[in-house]
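Structure file model.txt with compact mmCIF, C-alpha atoms and all ligand atoms:
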# COMPACT_ATOMS: atom_id res chain seq x y z
CA MET A 7 -32.47 -13.77 5.74
CA THR A 8 -36.22 -13.21 5.64
CA ILE A 9 -38.36 -15.01 8.16
CA ALA A 10 -41.53 -16.41 6.60
CA ARG A 11 -44.64 -14.25 6.95
CA ARG A 12 -46.30 -17.11 8.81
CA ALA A 13 -43.92 -16.65 11.73
CA GLN A 14 -43.75 -12.88 11.43
CA GLN A 15 -47.48 -12.41 11.87
CA ILE A 16 -47.69 -13.93 15.35
CA LYS A 17 -46.41 -12.68 18.70
CA PRO A 18 -44.67 -14.76 21.37
CA SER A 19 -46.96 -16.25 24.05
CA ALA A 20 -47.46 -13.52 26.68
CA THR A 21 -48.10 -16.04 29.46
CA LEU A 22 -44.86 -17.90 28.79
CA THR A 23 -42.93 -14.63 28.35
CA ILE A 24 -44.04 -13.19 31.71
CA THR A 25 -43.40 -16.48 33.49
CA ALA A 26 -39.89 -16.63 32.02
CA LYS A 27 -39.22 -12.98 32.99
CA ALA A 28 -40.31 -13.59 36.60
CA LYS A 29 -38.17 -16.75 36.75
CA ALA A 30 -35.13 -14.87 35.41
CA MET A 31 -35.61 -12.10 38.01
CA LYS A 32 -35.84 -14.73 40.77
CA ALA A 33 -32.65 -16.37 39.48
CA GLU A 34 -30.92 -12.99 39.84
CA GLY A 35 -31.96 -12.98 43.49
CA ILE A 36 -34.84 -10.51 43.08
CA ASP A 37 -37.79 -11.28 45.36
CA VAL A 38 -40.60 -11.54 42.79
CA ILE A 39 -44.07 -12.91 43.56
CA GLY A 40 -45.24 -14.79 40.48
CA PHE A 41 -48.94 -14.55 39.66
CA GLY A 42 -48.07 -15.20 36.02
CA ALA A 43 -47.65 -18.94 35.65
CA GLY A 44 -50.59 -20.94 34.45
CA GLU A 45 -49.50 -24.16 36.09
CA PRO A 46 -50.28 -25.84 39.41
CA ASP A 47 -47.54 -25.24 41.97
CA PHE A 48 -47.88 -28.79 43.37
CA ASP A 49 -45.41 -31.54 42.57
CA THR A 50 -46.51 -34.36 40.24
CA PRO A 51 -47.87 -37.11 42.55
CA ASP A 52 -45.45 -39.90 43.47
CA HIS A 53 -47.35 -42.83 41.97
CA ILE A 54 -47.23 -41.03 38.59
CA LYS A 55 -43.50 -40.42 38.89
CA ARG A 56 -42.98 -44.07 39.81
CA ALA A 57 -44.76 -45.17 36.61
CA ALA A 58 -42.29 -43.03 34.63
CA ILE A 59 -39.31 -44.52 36.51
CA LYS A 60 -40.63 -48.00 35.80
CA ALA A 61 -41.00 -47.15 32.10
CA LEU A 62 -37.34 -46.10 32.03
CA GLU A 63 -36.20 -49.19 33.90
CA ASP A 64 -38.22 -51.40 31.56
CA GLY A 65 -36.52 -49.79 28.57
CA PHE A 66 -39.75 -48.21 27.35
CA THR A 67 -37.71 -45.56 25.59
CA LYS A 68 -38.35 -46.11 21.88
CA TYR A 69 -40.77 -44.71 19.32
CA THR A 70 -44.36 -45.64 20.04
CA ALA A 71 -47.41 -45.54 17.77
CA VAL A 72 -47.67 -41.97 16.45
CA GLY A 73 -50.98 -41.19 18.17
CA GLY A 74 -50.16 -42.82 21.50
CA ILE A 75 -49.98 -46.35 22.92
CA ASP A 76 -53.20 -48.35 23.06
CA GLU A 77 -53.06 -48.61 26.88
CA LEU A 78 -53.05 -44.82 27.21
CA LYS A 79 -55.82 -44.43 24.63
CA ASP A 80 -57.83 -46.96 26.64
CA ALA A 81 -57.20 -44.95 29.83
CA VAL A 82 -58.45 -41.83 28.01
CA ILE A 83 -61.52 -43.74 26.77
CA ARG A 84 -62.24 -44.87 30.35
CA LYS A 85 -61.85 -41.29 31.60
CA PHE A 86 -64.46 -39.97 29.16
CA LYS A 87 -66.85 -42.78 30.07
CA ARG A 88 -66.33 -42.35 33.83
CA ASP A 89 -66.41 -38.56 33.98
CA ASN A 90 -68.63 -37.54 31.08
CA GLY A 91 -70.64 -40.63 30.12
CA LEU A 92 -69.09 -40.40 26.64
CA ASP A 93 -68.25 -43.42 24.46
CA PHE A 94 -65.22 -43.28 22.20
CA ASP A 95 -63.14 -45.94 20.46
CA ARG A 96 -59.40 -45.85 19.82
CA ALA A 97 -59.83 -44.39 16.32
CA GLN A 98 -61.47 -41.36 17.96
CA ILE A 99 -58.56 -40.57 20.31
CA LEU A 100 -55.18 -39.00 19.58
CA VAL A 101 -52.46 -38.38 22.16
CA SER A 102 -50.19 -35.39 21.45
CA CYS A 103 -47.50 -33.29 23.16
CA GLY A 104 -49.83 -31.26 25.39
CA GLY A 105 -53.22 -29.66 24.87
CA LYS A 106 -51.55 -26.90 22.91
CA HIS A 107 -50.21 -29.42 20.39
CA CYS A 108 -53.69 -31.00 20.12
CA LEU A 109 -55.12 -27.59 19.24
CA TYR A 110 -52.34 -26.92 16.74
CA ASN A 111 -52.86 -30.26 14.96
CA LEU A 112 -56.60 -29.78 14.99
CA ALA A 113 -56.39 -26.31 13.43
CA GLN A 114 -54.12 -27.71 10.72
CA VAL A 115 -56.69 -30.34 9.69
CA LEU A 116 -59.92 -28.42 10.24
CA PHE A 117 -59.21 -24.99 8.78
CA ASP A 118 -58.59 -23.82 5.24
CA THR A 119 -57.51 -20.40 4.03
CA GLY A 120 -60.21 -17.84 4.73
CA ASP A 121 -62.23 -19.97 7.16
CA GLU A 122 -63.51 -18.05 10.17
CA VAL A 123 -63.14 -19.36 13.69
CA ILE A 124 -65.11 -17.74 16.49
CA ILE A 125 -63.13 -17.13 19.66
CA PRO A 126 -64.99 -15.55 22.58
CA SER A 127 -62.91 -12.98 24.47
CA PRO A 128 -61.34 -12.89 27.00
CA TYR A 129 -59.57 -15.88 25.44
CA TRP A 130 -56.49 -17.95 26.16
CA VAL A 131 -53.51 -16.30 24.45
CA SER A 132 -52.70 -19.13 22.04
CA TYR A 133 -56.07 -19.55 20.29
CA PRO A 134 -55.79 -16.70 17.78
CA PRO A 135 -52.18 -17.52 16.70
CA ILE A 136 -53.02 -21.22 16.32
CA VAL A 137 -55.92 -20.26 14.02
CA THR A 138 -53.76 -17.75 12.12
CA LEU A 139 -50.99 -20.32 11.63
CA ALA A 140 -53.59 -22.51 9.89
CA SER A 141 -54.30 -19.60 7.45
CA ALA A 142 -57.78 -19.10 8.93
CA ASN A 143 -59.21 -15.94 10.49
CA PRO A 144 -59.93 -15.61 14.20
CA VAL A 145 -63.21 -13.74 14.76
CA ILE A 146 -63.35 -12.38 18.29
CA LEU A 147 -66.73 -12.46 20.01
CA GLU A 148 -66.63 -10.11 22.97
CA THR A 149 -68.19 -11.01 26.29
CA THR A 150 -68.57 -8.65 29.21
CA GLU A 151 -67.89 -8.64 32.90
CA GLU A 152 -71.60 -7.92 33.48
CA SER A 153 -72.58 -11.27 31.96
CA GLY A 154 -69.82 -13.03 33.94
CA PHE A 155 -67.90 -13.29 30.65
CA LYS A 156 -70.52 -15.62 29.19
CA MET A 157 -71.43 -15.51 25.53
CA ASP A 158 -74.79 -14.09 24.62
CA PRO A 159 -76.42 -16.79 22.42
CA ASP A 160 -77.89 -14.11 20.12
CA ASP A 161 -74.43 -12.59 19.65
CA LEU A 162 -73.10 -16.03 18.76
CA ARG A 163 -75.90 -16.61 16.26
CA ARG A 164 -75.25 -13.22 14.64
CA THR A 165 -71.49 -13.87 14.37
CA ILE A 166 -71.88 -17.13 12.44
CA ASN A 167 -71.86 -16.86 8.66
CA LYS A 168 -71.07 -19.07 5.65
CA LYS A 169 -67.34 -18.82 6.29
CA THR A 170 -67.58 -19.89 9.94
CA LYS A 171 -65.98 -23.27 10.52
CA ALA A 172 -65.88 -23.57 14.28
CA LEU A 173 -66.41 -22.06 17.71
CA VAL A 174 -63.72 -22.36 20.37
CA LEU A 175 -65.34 -23.09 23.71
CA ASN A 176 -63.21 -23.00 26.85
CA SER A 177 -65.06 -23.85 30.05
CA PRO A 178 -63.70 -23.36 32.69
CA CYS A 179 -62.10 -20.44 30.94
CA ASN A 180 -58.53 -19.23 31.04
CA PRO A 181 -58.27 -16.29 31.98
CA THR A 182 -61.64 -15.60 33.67
CA GLY A 183 -62.60 -18.89 35.35
CA MET A 184 -66.05 -18.55 33.75
CA THR A 185 -67.74 -21.96 33.58
CA TYR A 186 -70.94 -22.67 31.64
CA THR A 187 -73.89 -24.47 33.19
CA GLU A 188 -75.66 -27.33 31.44
CA SER A 189 -78.58 -25.15 30.30
CA GLU A 190 -76.23 -22.52 28.89
CA LEU A 191 -74.34 -25.24 27.02
CA LYS A 192 -77.63 -26.56 25.62
CA ARG A 193 -78.37 -23.16 24.08
CA ILE A 194 -74.89 -23.04 22.55
CA ALA A 195 -75.28 -26.62 21.26
CA ASP A 196 -78.57 -25.71 19.56
CA ILE A 197 -76.85 -22.89 17.68
CA ILE A 198 -73.96 -25.17 16.66
CA LEU A 199 -76.41 -27.74 15.30
CA GLU A 200 -78.57 -25.14 13.52
CA SER A 201 -75.56 -23.71 11.74
CA GLY A 202 -73.61 -26.94 11.12
CA ILE A 203 -70.29 -25.61 12.41
CA TYR A 204 -67.92 -27.46 14.74
CA VAL A 205 -67.20 -26.75 18.37
CA ILE A 206 -63.69 -27.14 19.71
CA SER A 207 -64.24 -27.78 23.40
CA ASP A 208 -61.09 -27.10 25.42
CA GLU A 209 -61.80 -28.99 28.64
CA ILE A 210 -58.31 -28.86 30.13
CA TYR A 211 -59.64 -27.29 33.39
CA GLU A 212 -62.54 -29.76 33.73
CA LYS A 213 -61.38 -31.05 37.11
CA ILE A 214 -60.59 -27.65 38.59
CA VAL A 215 -64.07 -26.45 39.52
CA TYR A 216 -65.30 -25.04 42.84
CA ASP A 217 -68.23 -25.08 45.24
CA GLY A 218 -69.16 -28.64 44.24
CA LEU A 219 -70.07 -27.59 40.70
CA LYS A 220 -70.90 -30.52 38.42
CA TYR A 221 -68.89 -30.24 35.22
CA VAL A 222 -70.72 -30.78 31.94
CA SER A 223 -69.05 -31.43 28.60
CA ILE A 224 -71.00 -30.03 25.64
CA ALA A 225 -70.37 -33.34 23.82
CA SER A 226 -72.42 -35.19 26.43
CA LEU A 227 -75.63 -33.32 25.53
CA GLY A 228 -76.58 -35.71 22.71
CA GLU A 229 -75.24 -37.82 19.84
CA ASP A 230 -75.81 -35.04 17.29
CA ILE A 231 -73.72 -32.43 19.17
CA LYS A 232 -71.08 -35.05 20.00
CA GLU A 233 -70.55 -35.53 16.25
CA ARG A 234 -69.85 -31.79 15.88
CA THR A 235 -67.54 -31.57 18.93
CA ILE A 236 -63.82 -32.12 19.17
CA ILE A 237 -62.66 -32.25 22.80
CA VAL A 238 -59.15 -31.11 23.70
CA HIS A 239 -57.93 -32.22 27.10
CA GLY A 240 -54.77 -33.29 28.89
CA VAL A 241 -52.97 -34.15 32.08
CA SER A 242 -51.09 -30.85 32.57
CA LYS A 243 -53.49 -29.10 34.93
CA THR A 244 -55.37 -32.00 36.54
CA TYR A 245 -52.29 -33.89 37.70
CA SER A 246 -49.74 -31.09 37.91
CA MET A 247 -47.92 -32.48 34.87
CA THR A 248 -47.28 -29.38 32.75
CA GLY A 249 -43.70 -30.38 31.92
CA TRP A 250 -44.55 -33.91 30.82
CA ARG A 251 -46.30 -32.64 27.69
CA ILE A 252 -49.25 -34.97 27.23
CA GLY A 253 -52.60 -33.86 25.86
CA PHE A 254 -55.35 -35.75 24.09
CA THR A 255 -58.07 -35.08 21.55
CA ALA A 256 -61.37 -36.93 21.21
CA GLY A 257 -63.65 -36.52 18.23
CA PRO A 258 -64.86 -37.88 14.90
CA SER A 259 -62.45 -40.52 13.54
CA SER A 260 -62.02 -38.69 10.20
CA ILE A 261 -60.63 -35.62 12.03
CA ILE A 262 -58.53 -37.71 14.45
CA GLY A 263 -57.13 -39.72 11.53
CA ALA A 264 -56.06 -36.55 9.70
CA MET A 265 -54.46 -35.19 12.89
CA ASN A 266 -52.59 -38.47 13.28
CA LYS A 267 -51.22 -38.02 9.75
CA ILE A 268 -50.00 -34.47 10.52
CA GLN A 269 -48.45 -35.65 13.78
CA GLY A 270 -46.72 -38.52 11.97
CA GLN A 271 -45.09 -36.05 9.60
CA SER A 272 -44.12 -33.50 12.24
CA THR A 273 -43.48 -34.56 15.85
CA SER A 274 -44.17 -38.35 15.78
CA ASN A 275 -45.30 -39.80 19.11
CA PRO A 276 -45.32 -37.86 22.37
CA THR A 277 -42.60 -38.99 24.82
CA SER A 278 -42.91 -42.70 25.59
CA ILE A 279 -42.11 -42.23 29.30
CA SER A 280 -44.69 -39.45 29.72
CA GLN A 281 -47.30 -41.65 28.09
CA LYS A 282 -46.77 -44.36 30.73
CA ALA A 283 -46.95 -41.73 33.48
CA SER A 284 -50.18 -40.30 32.02
CA GLN A 285 -51.71 -43.77 31.83
CA GLU A 286 -51.08 -44.09 35.58
CA ALA A 287 -52.44 -40.57 36.20
CA LEU A 288 -55.73 -41.39 34.47
CA ASN A 289 -56.13 -44.93 35.84
CA GLY A 290 -54.72 -44.38 39.34
CA PRO A 291 -56.25 -42.80 42.46
CA GLN A 292 -58.13 -39.57 41.79
CA ASP A 293 -58.40 -38.26 45.38
CA ILE A 294 -55.18 -36.28 44.89
CA VAL A 295 -57.05 -34.07 42.44
CA GLN A 296 -59.72 -33.27 45.02
CA ALA A 297 -57.05 -32.35 47.56
CA MET A 298 -55.44 -29.93 45.08
CA VAL A 299 -58.77 -28.37 44.13
CA GLY A 300 -59.64 -27.91 47.83
CA GLU A 301 -56.44 -25.95 48.27
CA PHE A 302 -57.12 -23.86 45.15
CA GLN A 303 -60.60 -23.04 46.44
CA LYS A 304 -59.21 -21.61 49.70
CA ARG A 305 -56.81 -19.45 47.72
CA ARG A 306 -59.53 -18.32 45.33
CA ASP A 307 -61.75 -17.27 48.23
CA TYR A 308 -58.92 -15.29 49.77
CA ILE A 309 -57.66 -13.56 46.62
CA ILE A 310 -61.13 -12.65 45.38
CA ASP A 311 -61.91 -10.95 48.71
CA ARG A 312 -58.63 -9.07 48.61
CA LEU A 313 -59.20 -7.92 45.02
CA ASN A 314 -62.78 -6.84 45.55
CA SER A 315 -61.77 -4.86 48.64
CA LEU A 316 -59.33 -2.77 46.57
CA GLU A 317 -60.61 0.66 45.75
CA ASN A 318 -62.17 0.81 42.24
CA VAL A 319 -61.33 -2.79 41.38
CA SER A 320 -63.99 -5.36 40.54
CA CYS A 321 -63.47 -9.05 39.96
CA VAL A 322 -65.86 -11.80 38.88
CA LYS A 323 -65.58 -14.84 41.15
CA PRO A 324 -64.17 -17.71 39.07
CA ALA A 325 -66.17 -20.96 39.14
CA GLY A 326 -63.21 -22.93 37.80
CA ALA A 327 -59.54 -22.88 36.71
CA PHE A 328 -56.95 -21.05 38.86
CA TYR A 329 -57.07 -17.50 37.58
CA VAL A 330 -58.69 -14.25 38.63
CA PHE A 331 -59.25 -11.50 36.10
CA PRO A 332 -59.78 -8.18 37.91
CA ASN A 333 -60.96 -5.04 36.16
CA ILE A 334 -58.28 -2.44 36.82
CA SER A 335 -59.42 0.06 34.20
CA SER A 336 -59.90 2.86 36.74
CA TYR A 337 -56.13 2.86 37.33
CA LEU A 338 -55.30 3.46 33.66
CA GLY A 339 -54.47 7.11 33.13
CA LYS A 340 -53.25 7.50 36.72
CA SER A 341 -49.59 8.38 37.09
CA PHE A 342 -46.46 7.10 38.75
CA LYS A 343 -43.76 9.77 39.19
CA GLY A 344 -45.60 11.93 36.67
CA GLU A 345 -45.85 9.24 34.00
CA PRO A 346 -49.40 8.12 33.18
CA ILE A 347 -50.13 4.37 33.06
CA ARG A 348 -51.18 3.81 29.46
CA ASP A 349 -52.74 0.34 29.40
CA SER A 350 -52.80 -3.13 30.99
CA ILE A 351 -49.33 -3.93 29.61
CA HIS A 352 -47.91 -0.78 31.16
CA LEU A 353 -49.62 -1.52 34.49
CA ALA A 354 -48.22 -5.08 34.46
CA ASP A 355 -44.73 -3.63 33.83
CA TYR A 356 -45.24 -1.19 36.69
CA LEU A 357 -46.33 -3.98 39.05
CA LEU A 358 -43.31 -6.06 38.09
CA ASP A 359 -40.75 -3.27 38.24
CA VAL A 360 -42.03 -1.42 41.29
CA ALA A 361 -44.04 -3.95 43.32
CA ARG A 362 -42.10 -7.04 42.19
CA VAL A 363 -45.31 -8.87 41.32
CA ALA A 364 -45.74 -10.68 37.99
CA VAL A 365 -49.22 -10.56 36.40
CA VAL A 366 -50.30 -11.04 32.78
CA PRO A 367 -51.90 -8.03 31.04
CA GLY A 368 -55.51 -8.39 29.93
CA ALA A 369 -54.55 -7.17 26.45
CA ALA A 370 -52.88 -10.56 25.83
CA PHE A 371 -56.29 -12.17 26.33
CA GLY A 372 -58.10 -9.66 24.12
CA ALA A 373 -59.43 -7.70 27.12
CA GLU A 374 -57.84 -4.31 27.78
CA GLY A 375 -58.49 -2.91 31.28
CA TYR A 376 -57.87 -6.22 33.07
CA GLU A 377 -54.94 -8.18 34.51
CA ARG A 378 -54.73 -11.93 35.00
CA LEU A 379 -53.43 -13.28 38.29
CA SER A 380 -52.85 -17.00 38.71
CA PHE A 381 -53.46 -18.25 42.24
CA ALA A 382 -51.54 -21.46 41.60
CA THR A 383 -49.01 -20.32 44.16
CA SER A 384 -48.80 -20.67 47.96
CA MET A 385 -51.18 -18.81 50.28
CA GLU A 386 -48.16 -17.08 51.77
CA ASN A 387 -47.15 -15.77 48.34
CA ILE A 388 -50.71 -14.69 47.61
CA GLU A 389 -50.91 -12.70 50.87
CA LYS A 390 -47.54 -11.07 50.28
CA GLY A 391 -48.26 -10.42 46.60
CA MET A 392 -51.65 -8.86 47.30
CA ASP A 393 -50.12 -6.59 49.97
CA ARG A 394 -47.67 -5.39 47.33
CA VAL A 395 -50.36 -4.89 44.67
CA GLU A 396 -52.50 -2.93 47.13
CA LYS A 397 -49.60 -0.66 48.07
CA ALA A 398 -48.51 -0.16 44.44
CA LEU A 399 -52.01 0.78 43.28
CA LYS A 400 -52.31 3.31 46.15
CA GLU A 401 -49.13 4.96 44.92
CA LEU A 402 -50.74 5.81 41.57
CA ALA A 403 -52.17 9.31 41.53
N1 LIG B 501 -55.90 -24.69 26.91
C1 LIG B 501 -55.89 -23.78 27.88
C2 LIG B 501 -57.12 -22.97 28.09
C3 LIG B 501 -54.76 -23.59 28.68
O1 LIG B 501 -54.77 -22.68 29.64
C4 LIG B 501 -53.63 -24.37 28.45
C5 LIG B 501 -52.43 -24.12 29.34
N2 LIG B 501 -51.25 -24.02 28.72
C6 LIG B 501 -53.67 -25.32 27.42
C7 LIG B 501 -54.82 -25.45 26.67
C8 LIG B 501 -52.54 -26.21 27.04
O2 LIG B 501 -51.93 -26.87 28.06
P1 LIG B 501 -50.84 -27.99 27.79
O3 LIG B 501 -50.26 -27.75 26.45
O4 LIG B 501 -49.85 -27.84 28.89
O5 LIG B 501 -51.57 -29.30 27.85
N1 LIG B 502 -51.89 -22.12 29.96
C1 LIG B 502 -50.97 -21.55 30.86
C2 LIG B 502 -51.18 -20.04 30.95
O1 LIG B 502 -52.09 -19.55 30.35
C3 LIG B 502 -49.56 -21.94 30.59
C4 LIG B 502 -48.76 -21.10 29.66
C5 LIG B 502 -49.24 -21.27 28.27
O2 LIG B 502 -49.03 -22.34 27.69
O3 LIG B 502 -49.85 -20.32 27.80
O4 LIG B 502 -50.46 -19.38 31.63
Just give me the structure as structure tokens.
Amino acid sequence: MTIARRAQQIKPSATLTITAKAKAMKAEGIDVIGFGAGEPDFDTPDHIKRAAIKALEDGFTKYTAVGGIDELKDAVIRKFKRDNGLDFDRAQILVSCGGKHCLYNLAQVLFDTGDEVIIPSPYWVSYPPIVTLASANPVILETTEESGFKMDPDDLRRTINKKTKALVLNSPCNPTGMTYTESELKRIADIILESGIYVISDEIYEKIVYDGLKYVSIASLGEDIKERTIIVHGVSKTYSMTGWRIGFTAGPSSIIGAMNKIQGQSTSNPTSISQKASQEALNGPQDIVQAMVGEFQKRRDYIIDRLNSLENVSCVKPAGAFYVFPNISSYLGKSFKGEPIRDSIHLADYLLDVARVAVVPGAAFGAEGYERLSFATSMENIEKGMDRVEKALKELA
């Protein structure tokens, strides 16, 4: 039996793999601190759960329209108007099974064989495989810690050529927390418009921003850039609903229509019950989000201080999302029991095996010399986990 090349050429998701490994160790009774999972540790709010229970009780358990029920599309439309000042109609919205599914559908309709898609690194693990699965070529545009992991506009301009179809923009960024300001987005928008490519704006962490930062969507900078932007968003991170699997895409109706066609021939509608719950999440009280972000901010402030106080570790302070991405390169080449630590994957293995702390290696995000730690876990876990990391790093000679 030969597995198709399409599947052979991609690796499993590193974030999901590490999370599963840490969970399995916990199930065996091993005391692991998980900094791996990219999901809020809070429970889904009660009023959202109640909407799902009501959907079940009402028998709302059948197929729905492929691209989502009108009431949910309307809630999404209201969200974009309320939060971003953006106007969309139903033909410009598609509801799918999570932001990841939105991105997958989008890649299937936007990219042809040989198209180039620019992905700034460090990037979220699933962007390159999603592009590859659409027979297009990911082109990695490196950013540096010195620039706060922000793209240099001149580098972006130089990377675009006739084959370039789109830029993937992820602000706030997973794994660095980097978040672009309005003026930085304007410069990027100018380049997009000059070159006539598309921008895929992954705004899934929009609501998780710190220090009172005002979030700006690149699509809100003018009608012309809005026409070149496809926004990917969802309820997973904002409302602690990762398991419900609801994401949504907003963009030009021709692209949304083609995505709807792909979805209709692959997954059909996202779960009916989750759609009702997501409608409540978007229309219901939003103060729960602020409470969650307040808690994340306290944890961020603590973990960033701990990381930056470690010898020879530096870490950019994230402006959004719930990850820190410390530079641990000075520990590579150091040894444990005579065996040198080769790379970020090896260091992550060492931290898991010896310190019982799960982190995701920077290599999975296209950035060797770094590790990603998610602070979507309790303060108590963060304190305990950082004590263990500190001790384990000291043991390397
Ligand atoms: N984009 C980014 C940057 C993410 O971190 C995630 C988290 N998995 C997603 C998209 C997709 O999230 P989901 O499929 O749960 O909506
Ligand atoms: N986005 C989260 C992460 O990066 C969830 C896992 C995934 O889908 O990659 O950890």
Write out as a PyMOL selection string each polymer residue (protein, DNA or RNA) that has an atom no more than 10 Å from ligand LIG 502 (chain B), with only C-alpha atoms and all ligand atoms counted. chain A and resi 18-25+41-46+104-106+129-133+180-181+210-211+242-243+248+328-329+366+371+378-380
Residue list as a ChimeraX atom specification for point (-56.5, 6.8, 32.3), cut-off 12 Å, all atoms listed in the file: /A:334-342,345-350,352-353,375,402-403
Limited to C-alpha atoms, could you put the picked residues into a file as a PDB file, keeping the file's coordinate frame?
ATOM      1  CA  ILE A 334     -58.280  -2.440  36.820  1.00  0.00           C
ATOM      2  CA  SER A 335     -59.420   0.060  34.200  1.00  0.00           C
ATOM      3  CA  SER A 336     -59.900   2.860  36.740  1.00  0.00           C
ATOM      4  CA  TYR A 337     -56.130   2.860  37.330  1.00  0.00           C
ATOM      5  CA  LEU A 338     -55.300   3.460  33.660  1.00  0.00           C
ATOM      6  CA  GLY A 339     -54.470   7.110  33.130  1.00  0.00           C
ATOM      7  CA  LYS A 340     -53.250   7.500  36.720  1.00  0.00           C
ATOM      8  CA  SER A 341     -49.590   8.380  37.090  1.00  0.00           C
ATOM      9  CA  PHE A 342     -46.460   7.100  38.750  1.00  0.00           C
ATOM     10  CA  GLU A 345     -45.850   9.240  34.000  1.00  0.00           C
ATOM     11  CA  PRO A 346     -49.400   8.120  33.180  1.00  0.00           C
ATOM     12  CA  ILE A 347     -50.130   4.370  33.060  1.00  0.00           C
ATOM     13  CA  ARG A 348     -51.180   3.810  29.460  1.00  0.00           C
ATOM     14  CA  ASP A 349     -52.740   0.340  29.400  1.00  0.00           C
ATOM     15  CA  SER A 350     -52.800  -3.130  30.990  1.00  0.00           C
ATOM     16  CA  HIS A 352     -47.910  -0.780  31.160  1.00  0.00           C
ATOM     17  CA  LEU A 353     -49.620  -1.520  34.490  1.00  0.00           C
ATOM     18  CA  GLY A 375     -58.490  -2.910  31.280  1.00  0.00           C
ATOM     19  CA  LEU A 402     -50.740   5.810  41.570  1.00  0.00           C
ATOM     20  CA  ALA A 403     -52.170   9.310  41.530  1.00  0.00           C
TER      21      ALA A 403
END
Neighbour list for segment 159-167 of chain A as an MDAnalysis selection string, cut-off 12 Å, all atoms listed in the file, skip fewer than 3 positions in-chain: chainID A and resid 121:126 144:150 153 156 170:175 189:204
Writer output for current selection, C-alpha atoms, as a short mmCIF file (atom, residue, chain, number, x, y, z; two decimals), in the coordinates of the input:
data_model
loop_
_atom_site.label_atom_id
_atom_site.label_comp_id
_atom_site.auth_asym_id
_atom_site.auth_seq_id
_atom_site.Cartn_x
_atom_site.Cartn_y
_atom_site.Cartn_z
CA ASP A 121 -62.23 -19.97 7.16
CA GLU A 122 -63.51 -18.05 10.17
CA VAL A 123 -63.14 -19.36 13.69
CA ILE A 124 -65.11 -17.74 16.49
CA ILE A 125 -63.13 -17.13 19.66
CA PRO A 126 -64.99 -15.55 22.58
CA PRO A 144 -59.93 -15.61 14.20
CA VAL A 145 -63.21 -13.74 14.76
CA ILE A 146 -63.35 -12.38 18.29
CA LEU A 147 -66.73 -12.46 20.01
CA GLU A 148 -66.63 -10.11 22.97
CA THR A 149 -68.19 -11.01 26.29
CA THR A 150 -68.57 -8.65 29.21
CA SER A 153 -72.58 -11.27 31.96
CA LYS A 156 -70.52 -15.62 29.19
CA THR A 170 -67.58 -19.89 9.94
CA LYS A 171 -65.98 -23.27 10.52
CA ALA A 172 -65.88 -23.57 14.28
CA LEU A 173 -66.41 -22.06 17.71
CA VAL A 174 -63.72 -22.36 20.37
CA LEU A 175 -65.34 -23.09 23.71
CA SER A 189 -78.58 -25.15 30.30
CA GLU A 190 -76.23 -22.52 28.89
CA LEU A 191 -74.34 -25.24 27.02
CA LYS A 192 -77.63 -26.56 25.62
CA ARG A 193 -78.37 -23.16 24.08
CA ILE A 194 -74.89 -23.04 22.55
CA ALA A 195 -75.28 -26.62 21.26
CA ASP A 196 -78.57 -25.71 19.56
CA ILE A 197 -76.85 -22.89 17.68
CA ILE A 198 -73.96 -25.17 16.66
CA LEU A 199 -76.41 -27.74 15.30
CA GLU A 200 -78.57 -25.14 13.52
CA SER A 201 -75.56 -23.71 11.74
CA GLY A 202 -73.61 -26.94 11.12
CA ILE A 203 -70.29 -25.61 12.41
CA TYR A 204 -67.92 -27.46 14.74
#
Measure the distance from atom CA of Asp64 of chain A to atom CA of Phe94 of chain A in Å and round it to one decimal.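 Between these atoms lies a distance of 29.7 Å.
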I'd like the interatomic distance between atom CA of Ser384 of chain A and atom CA of Phe254 of chain A, to a tenth of an Å. 29.0 Å
Residues near Thr70 of chain A, cut-off 7 Å, all atoms listed in the file, skip fewer than 4 positions along chain, as a list of chain:residue names: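 Contacts, with the query itself left out: A:Gly74, A:Ile75, A:Asn275, A:Ser278.
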Distance in Å - atom CA of Met157 of chain A versus atom CA of Thr182 of chain A: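 Calculated distance between atom CA of Met157 of chain A and atom CA of Thr182 of chain A is 12.7 Å.
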May I have the residues within 7 Å of Ala61 of chain A as a VMD selection string, using all atoms listed in the file and disregarding those fewer than 4 positions away in the same chain? chain A and resid 57 65 to 66 279 282
Nearest to ligand LIG 501 (chain B) among A:Arg56, A:Arg312, A:Arg251, A:Lys232, with distances taken over only C-alpha atoms and all ligand atoms: which residue is it? A:Arg251
Counting all atoms listed in the file, which residue out of A:Phe302, A:Phe86, A:Tyr110, A:Tyr69 sits closest to ligand LIG 501 (chain B)? A:Tyr110
Need the axis-aligned box for ligand LIG 501 (chain B) with 6 Å each side, so what are the centre and edges in Å to one decimal, as AutoDock Vina command-line options?
--center_x -53.5 --center_y -26.0 --center_z 28.0 --size_x 19.3 --size_y 18.6 --size_z 15.2
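Of the residues listed (A:Ala287, A:Met31, A:Ala325, A:Ala13), A:Ala325 shows the shortest atom-to-atom separation from Thr187 of chain A; distances use only C-alpha atoms.
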Measuring between only C-alpha atoms, which one of A:Val222, A:Ala71, A:Val322, A:Ala142 shows the shortest distance to Pro276 of chain A? A:Ala71
Within 9 Å of Asp80 of chain A, counting all atoms listed in the file, which residues show up once you throw out same-chain ones fewer than 6 positions away? Write them as a CSV table (one decimal) with C-alpha atoms, in the frame of the given file, please.
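Generated output (selection12.csv):
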chain,number,residue,atom,x,y,z
A,95,ASP,CA,-63.1,-45.9,20.5
A,96,ARG,CA,-59.4,-45.8,19.8
A,285,GLN,CA,-51.7,-43.8,31.8
